[in-house]
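Undergrad: Pasting coords.tsv below, which is TSV, C-alpha atoms.
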chain	number	residue	atom	x	y	z
L	713	MET	CA	5.97	4.60	12.02
L	714	GLN	CA	8.76	2.02	11.93
L	715	PRO	CA	11.47	2.02	9.25
L	716	VAL	CA	10.90	-0.34	6.34
L	717	THR	CA	13.18	-3.38	6.48
L	718	SER	CA	13.12	-6.85	4.99
L	719	ARG	CA	11.58	-7.99	8.29
L	720	THR	CA	8.78	-5.42	8.10
L	721	ASP	CA	8.29	-6.29	4.42
L	722	SER	CA	7.87	-9.93	5.44
L	723	LYS	CA	5.36	-9.00	8.16
L	724	LEU	CA	3.44	-6.83	5.70
L	725	ALA	CA	3.37	-9.64	3.13
L	726	ASP	CA	2.05	-12.01	5.81
L	727	TRP	CA	-0.63	-9.47	6.82
L	728	ILE	CA	-1.73	-8.95	3.20
L	729	THR	CA	-1.91	-12.72	2.71
L	730	ALA	CA	-4.06	-13.16	5.82
L	731	ASN	CA	-6.32	-10.13	5.32
L	732	ALA	CA	-6.60	-9.54	1.59
L	733	GLY	CA	-6.88	-13.14	0.46
L	734	LEU	CA	-3.86	-12.92	-1.82
L	735	HIS	CA	-1.25	-15.66	-2.23
L	736	ASP	CA	2.54	-15.68	-2.70
L	737	VAL	CA	2.72	-11.99	-1.77
L	738	GLU	CA	6.01	-10.17	-2.31
L	739	ILE	CA	6.66	-6.55	-1.40
L	740	GLY	CA	8.65	-4.95	-4.19
L	741	ASP	CA	10.89	-1.97	-4.52
L	742	LEU	CA	9.92	1.67	-4.30
L	743	LEU	CA	8.31	3.01	-7.45
L	744	ALA	CA	9.48	6.37	-8.76
L	745	GLY	CA	7.21	9.28	-9.49
L	746	GLY	CA	5.57	9.97	-6.15
L	747	ASN	CA	6.34	13.28	-4.55
L	748	ALA	CA	4.82	13.04	-1.05
L	749	ASN	CA	4.00	9.43	-0.28
L	750	VAL	CA	5.84	6.15	-0.70
L	751	THR	CA	4.64	3.96	-3.57
L	752	ARG	CA	5.62	0.28	-3.65
L	753	LEU	CA	4.89	-2.59	-5.99
L	754	VAL	CA	3.19	-5.63	-4.46
L	755	THR	CA	3.06	-8.83	-6.49
L	756	ALA	CA	0.90	-11.84	-5.76
L	757	ARG	CA	-0.39	-14.87	-7.60
L	758	GLU	CA	-3.55	-12.85	-8.29
L	759	GLY	CA	-1.73	-9.94	-9.94
L	760	ARG	CA	0.27	-6.78	-9.34
L	761	PHE	CA	-0.87	-4.03	-6.99
L	762	VAL	CA	0.36	-0.67	-5.77
L	763	LEU	CA	0.71	0.09	-2.07
L	764	ARG	CA	0.91	3.73	-1.01
L	765	HIS	CA	1.76	4.97	2.46
L	766	PRO	CA	3.14	8.08	4.13
L	767	PRO	CA	6.92	8.38	4.38
L	768	VAL	CA	8.55	6.74	7.38
L	769	ASN	CA	10.32	9.92	8.46
L	770	ALA	CA	7.34	12.24	8.08
L	771	LEU	CA	7.81	15.57	9.78
L	772	SER	CA	4.11	15.89	10.52
L	773	ASP	CA	1.41	13.55	11.78
L	774	LYS	CA	-0.75	15.01	9.00
L	775	ALA	CA	1.40	13.32	6.34
L	776	ALA	CA	-1.12	10.49	6.08
L	777	ALA	CA	-4.04	12.85	5.44
L	778	GLY	CA	-3.52	12.73	1.68
L	779	ILE	CA	-3.64	8.94	1.65
L	780	SER	CA	-6.82	8.98	3.73
L	781	ARG	CA	-8.48	11.50	1.40
L	782	GLU	CA	-7.41	9.50	-1.64
L	783	TYR	CA	-8.86	6.28	-0.18
L	784	THR	CA	-12.14	8.03	0.64
L	785	ALA	CA	-12.43	9.48	-2.87
L	786	ILE	CA	-11.56	6.21	-4.63
L	787	SER	CA	-13.98	4.30	-2.38
L	788	ALA	CA	-16.78	6.71	-3.33
L	789	LEU	CA	-15.98	6.42	-7.05
L	790	TYR	CA	-15.47	2.65	-7.14
L	791	GLY	CA	-18.21	1.00	-9.18
L	792	GLU	CA	-19.31	4.37	-10.58
L	793	ALA	CA	-16.16	5.42	-12.44
L	794	PRO	CA	-13.05	3.65	-13.78
L	795	VAL	CA	-10.88	3.58	-10.64
L	796	ALA	CA	-8.89	0.81	-9.01
L	797	ARG	CA	-10.53	-1.18	-6.23
L	798	PRO	CA	-9.56	0.54	-2.97
Spit out the file's structure as structure tokens when you get a sec.

TA:
Amino acid sequence: MQPVTSRTDSKLADWITANAGLHDVEIGDLLAGGNANVTRLVTAREGRFVLRHPPVNALSDKAAAGISREYTAISALYGEAPVARP
């Protein structure tokens, strides 16, 4: 995984714009409170969102497993329980 820089933030904002249908996307600062994965604020014309991803300097390739499990669980619950859209 590449280090996060203003250039990678710009590329990510462009990707979100093209693939998620959001407009005026800005990648915000790190949010405090996470203990294993990186949590960032994403703002767009459509609202505010949270982006979670494994740390850049992960010691193990399995660092992303928690994010994958979380996405799977939220996807299964979406529409059946009060969870955010995955």

Undergrad: Return the single residue from L:Leu789, L:Ala748, L:Ala756, L:Val795 that is closest to Leu734 (chain L), with distances computed using all atoms listed in the file.

TA: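 Among the listed residues, the smallest separation from Leu734 (chain L) belongs to L:Ala756.
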
Undergrad: Give me, please, the distance in Å between CA of Thr751 (chain L) and CA of His765 (chain L), quoted to one decimal.

TA: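 Distance between the two atoms: 6.8 Å.
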
Undergrad: Using all atoms listed in the file for the distances, tell me which of L:Lys723, L:Arg760, L:Arg797, L:Arg781 is nearest to Gly740 (chain L).

TA: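 Among the listed residues, L:Arg760 lies closest to Gly740 (chain L).
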
Undergrad: Which is closer to Ala732 (chain L) than all the others in L:Gly778, L:Ala785, L:Phe761, L:Tyr790, using all atoms listed in the file?

TA: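 The answer is L:Phe761, which sits nearest to Ala732 (chain L).
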
Undergrad: To one decimal in Å, tell me the separation between CA of Ala793 (chain L) and CA of Pro767 (chain L).

TA: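 Taking CA of Ala793 (chain L) as the start and CA of Pro767 (chain L) as the end point, the length is 28.7 Å.
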
Undergrad: Hey, can you check how far CA of Ile786 (chain L) sits from CA of Ser722 (chain L)?

TA: 27.2 Å

Undergrad: Set the distance at 9 Å and use only C-alpha atoms: which residues neighbour Ile739 (chain L) once local chain neighbours fewer than 3 positions away are removed? I'd like the list as a count of residues only.

TA: 10

Undergrad: For each of L:Glu792, L:Gly759, L:Thr784, L:Thr720, take the minimum atom-to-atom distance to Val737 (chain L), counting all atoms listed in the file, then give the residue where this is smallest.

TA: L:Gly759

Undergrad: With distances taken over only C-alpha atoms, which residue among L:Arg757, L:Ile728, L:Ser718, L:Gly791 lies nearest Asp741 (chain L)?

TA: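 With only C-alpha atoms as the atom set, the closest residue is L:Ser718.
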
Undergrad: Complete the atom set of region 777-796 of chain L to N, CA, C and O atoms and return it as a compact mmCIF listing (two decimals), keeping the file's coordinate frame.

TA:
# COMPACT_ATOMS: atom_id res chain seq x y z
N ALA L 777 -2.73 12.30 5.80
CA ALA L 777 -4.04 12.85 5.44
C ALA L 777 -4.33 12.70 3.95
O ALA L 777 -5.46 12.42 3.56
N GLY L 778 -3.32 12.88 3.11
CA GLY L 778 -3.52 12.73 1.68
C GLY L 778 -3.92 11.32 1.30
O GLY L 778 -4.79 11.11 0.46
N ILE L 779 -3.30 10.34 1.91
CA ILE L 779 -3.64 8.94 1.65
C ILE L 779 -5.07 8.67 2.08
O ILE L 779 -5.83 8.01 1.38
N SER L 780 -5.46 9.18 3.22
CA SER L 780 -6.82 8.98 3.73
C SER L 780 -7.85 9.62 2.79
O SER L 780 -8.87 9.00 2.46
N ARG L 781 -7.57 10.83 2.34
CA ARG L 781 -8.48 11.50 1.40
C ARG L 781 -8.56 10.74 0.09
O ARG L 781 -9.64 10.58 -0.49
N GLU L 782 -7.42 10.26 -0.39
CA GLU L 782 -7.41 9.50 -1.64
C GLU L 782 -8.24 8.23 -1.51
O GLU L 782 -9.03 7.90 -2.40
N TYR L 783 -8.09 7.52 -0.40
CA TYR L 783 -8.86 6.28 -0.18
C TYR L 783 -10.36 6.59 -0.14
O TYR L 783 -11.17 5.87 -0.74
N THR L 784 -10.73 7.65 0.55
CA THR L 784 -12.14 8.03 0.64
C THR L 784 -12.71 8.35 -0.74
O THR L 784 -13.81 7.90 -1.10
N ALA L 785 -11.96 9.11 -1.53
CA ALA L 785 -12.43 9.48 -2.87
C ALA L 785 -12.54 8.25 -3.78
O ALA L 785 -13.56 8.07 -4.46
N ILE L 786 -11.52 7.41 -3.78
CA ILE L 786 -11.56 6.21 -4.63
C ILE L 786 -12.68 5.28 -4.19
O ILE L 786 -13.37 4.69 -5.02
N SER L 787 -12.90 5.15 -2.89
CA SER L 787 -13.98 4.30 -2.38
C SER L 787 -15.33 4.81 -2.86
O SER L 787 -16.22 4.03 -3.21
N ALA L 788 -15.51 6.12 -2.88
CA ALA L 788 -16.78 6.71 -3.33
C ALA L 788 -16.97 6.52 -4.84
O ALA L 788 -18.10 6.32 -5.30
N LEU L 789 -15.89 6.54 -5.60
CA LEU L 789 -15.98 6.42 -7.05
C LEU L 789 -16.04 4.97 -7.54
O LEU L 789 -16.54 4.70 -8.63
N TYR L 790 -15.56 4.05 -6.71
CA TYR L 790 -15.47 2.65 -7.14
C TYR L 790 -16.85 2.12 -7.51
O TYR L 790 -17.82 2.26 -6.78
N GLY L 791 -16.94 1.53 -8.68
CA GLY L 791 -18.21 1.00 -9.18
C GLY L 791 -18.99 2.04 -9.98
O GLY L 791 -19.94 1.70 -10.68
N GLU L 792 -18.62 3.30 -9.86
CA GLU L 792 -19.31 4.37 -10.58
C GLU L 792 -18.42 4.98 -11.65
O GLU L 792 -18.93 5.60 -12.60
N ALA L 793 -17.12 4.85 -11.50
CA ALA L 793 -16.16 5.42 -12.44
C ALA L 793 -14.98 4.46 -12.55
O ALA L 793 -14.79 3.61 -11.66
N PRO L 794 -14.18 4.57 -13.60
CA PRO L 794 -13.05 3.65 -13.78
C PRO L 794 -11.88 3.98 -12.83
O PRO L 794 -10.98 4.73 -13.17
N VAL L 795 -11.96 3.44 -11.63
CA VAL L 795 -10.88 3.58 -10.64
C VAL L 795 -10.51 2.19 -10.13
O VAL L 795 -11.31 1.25 -10.22
N ALA L 796 -9.33 2.08 -9.59
CA ALA L 796 -8.89 0.81 -9.01
C ALA L 796 -9.71 0.48 -7.76
O ALA L 796 -10.23 1.38 -7.09
